[in-house]
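Q: Questions regarding the structure given below will be posed in turn.
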Amino acid sequence: MKALAIALLSTVLFLGCKSDPEKDSGGDAYRNEAQPVALDEWTTDDIARKTGDTTDWKAVDLADAGQLTVQLAADEADAEVAVAVFSRYGEPLGEVTRKKGEGRTKLTVPIARSGRHFLRIRQLSGPATAYTLRASLGVADDGPAPGRSDRPDF
Ligand SMILES: [Ca+2]
């Protein structure tokens, strides 16, 4: 009986740990914890759904209304990663998924008012991955992919 109780308790503890998809999220799992990113600059971060870092939130300040384009690339081909844009009031404006085997994906949404907007990056499946994203006003060109070739020469 005691062994059974221990087994049950272990199962509960195990499931308890597994059920928190943000236990190791790094302090950006929720919108009010969004980390600021600069407009027009590539930002790199990583995400690992299996080990409790399912979601990253970023904040970007927009001086104008218009259109916002977000581009996202993930290092691991098998990682499925979704990026969504929200208004300052948390209203969802659009979402796109970078599916397995895809290179870069992008999303353009209309922006009704200037001010702070939010980006939510979520891993849906696959291995832990680094990703790179850039938010810019307007409809983005298909410029050079993020990577070493993108970096300025010093
Ligand atoms: Ca996170």
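FYI, nothing fancy with the structure tokens labels: chains A, B, ... in order, residues from 1 per chain, ligands from 1 as they appear.
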Hey, which residues sit close to ligand 1? Say within 8 Å, counting only C-alpha atoms and all ligand atoms, and write them as a list in words.
A: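 Taking only C-alpha atoms and all ligand atoms into account, the residues around ligand 1 at most 8 Å away are Glu22, Asp24, Ser25, Gly26, Gly27, Asp28, Ala29, Asp46, Ile47, Asp53, Thr54, Thr55, Asp56 and Trp57 of chain A.
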Q: Take the selection from the previous step and output its residues with N, CA and C atoms, as a PDB file, in the first residue's frame.
A:
ATOM      1  N   GLU A  22       5.645  26.734 -18.826  1.00  0.00           N
ATOM      2  CA  GLU A  22       6.490  27.934 -18.720  1.00  0.00           C
ATOM      3  C   GLU A  22       7.386  27.896 -17.489  1.00  0.00           C
ATOM      4  N   ASP A  24      10.348  27.204 -17.115  1.00  0.00           N
ATOM      5  CA  ASP A  24      11.703  27.716 -17.347  1.00  0.00           C
ATOM      6  C   ASP A  24      11.675  28.746 -18.479  1.00  0.00           C
ATOM      7  N   SER A  25      10.687  29.628 -18.408  1.00  0.00           N
ATOM      8  CA  SER A  25      10.445  30.505 -19.552  1.00  0.00           C
ATOM      9  C   SER A  25      11.368  31.711 -19.591  1.00  0.00           C
ATOM     10  N   GLY A  26      12.070  31.988 -18.510  1.00  0.00           N
ATOM     11  CA  GLY A  26      13.021  33.096 -18.530  1.00  0.00           C
ATOM     12  C   GLY A  26      12.391  34.463 -18.317  1.00  0.00           C
ATOM     13  N   GLY A  27      11.227  34.507 -17.683  1.00  0.00           N
ATOM     14  CA  GLY A  27      10.644  35.798 -17.303  1.00  0.00           C
ATOM     15  C   GLY A  27       9.985  36.554 -18.438  1.00  0.00           C
ATOM     16  N   ASP A  28       9.560  35.848 -19.492  1.00  0.00           N
ATOM     17  CA  ASP A  28       8.846  36.539 -20.573  1.00  0.00           C
ATOM     18  C   ASP A  28       7.651  35.713 -21.062  1.00  0.00           C
ATOM     19  N   ALA A  29       7.070  34.945 -20.141  1.00  0.00           N
ATOM     20  CA  ALA A  29       6.016  34.010 -20.533  1.00  0.00           C
ATOM     21  C   ALA A  29       4.664  34.685 -20.719  1.00  0.00           C
ATOM     22  N   ASP A  46      15.810  32.144 -27.809  1.00  0.00           N
ATOM     23  CA  ASP A  46      15.555  30.720 -28.018  1.00  0.00           C
ATOM     24  C   ASP A  46      14.333  30.262 -27.255  1.00  0.00           C
ATOM     25  N   ILE A  47      13.862  29.110 -27.663  1.00  0.00           N
ATOM     26  CA  ILE A  47      12.605  28.601 -27.144  1.00  0.00           C
ATOM     27  C   ILE A  47      12.724  27.078 -27.070  1.00  0.00           C
ATOM     28  N   ASP A  53       9.951  26.185 -21.757  1.00  0.00           N
ATOM     29  CA  ASP A  53      10.038  27.553 -22.280  1.00  0.00           C
ATOM     30  C   ASP A  53       9.245  27.580 -23.591  1.00  0.00           C
ATOM     31  N   THR A  54       7.931  27.610 -23.437  1.00  0.00           N
ATOM     32  CA  THR A  54       7.051  27.497 -24.598  1.00  0.00           C
ATOM     33  C   THR A  54       6.798  28.837 -25.265  1.00  0.00           C
ATOM     34  N   THR A  55       6.822  29.920 -24.468  1.00  0.00           N
ATOM     35  CA  THR A  55       6.368  31.219 -24.968  1.00  0.00           C
ATOM     36  C   THR A  55       7.357  32.324 -24.626  1.00  0.00           C
ATOM     37  N   ASP A  56       7.610  33.211 -25.580  1.00  0.00           N
ATOM     38  CA  ASP A  56       8.349  34.454 -25.332  1.00  0.00           C
ATOM     39  C   ASP A  56       7.460  35.605 -25.783  1.00  0.00           C
ATOM     40  N   TRP A  57       7.377  36.651 -24.992  1.00  0.00           N
ATOM     41  CA  TRP A  57       6.675  37.876 -25.393  1.00  0.00           C
ATOM     42  C   TRP A  57       7.693  38.984 -25.612  1.00  0.00           C
TER      43      TRP A  57
END
Q: Might you pull out every residue within 10 Å of range 59-61 of chain A, with only C-alpha atoms counted and same-chain residues fewer than 4 positions away left off, and present them as a list in words?
A: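 Using only C-alpha atoms, the neighbours found are Arg31, Asn32, Glu33, Ala34, Gln35, Pro36, Val37, Ala38, Leu39, Val85, Phe86, Ser87, Arg88, Ser114, Gly115, Arg116, His117, Phe118, Leu119, Arg120, Ala135 and Ser136 of chain A.
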Q: Ranking A:Glu41, A:Asp64, A:Asp20, A:Glu76 by minimum distance to Tyr131 in chain A and counting only C-alpha atoms, which one comes first?
A: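 Going through A:Glu41, A:Asp64, A:Asp20, A:Glu76 one by one, the smallest distance to Tyr131 in chain A is for A:Glu76.
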Q: Select, from A:Ala7, A:Ala65, A:Ala77, A:Val96, the residue with the minimum atom-to-atom distance to Ile121 in chain A, counting only C-alpha atoms.
A: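 Counting only C-alpha atoms, the residue closest to Ile121 in chain A is A:Val96.
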Q: Between CA of Thr44 in chain A and CA of Gln123 in chain A, what is the distance in Å, rounded to a tenth?
A: 14.7 Å
Q: Apply DSSP to the structure's backbone, then extract all residues of range 14-112 of chain A labelled alpha helix (DSSP H) and return them as an NGL selection string.
A: :A and (14-18)
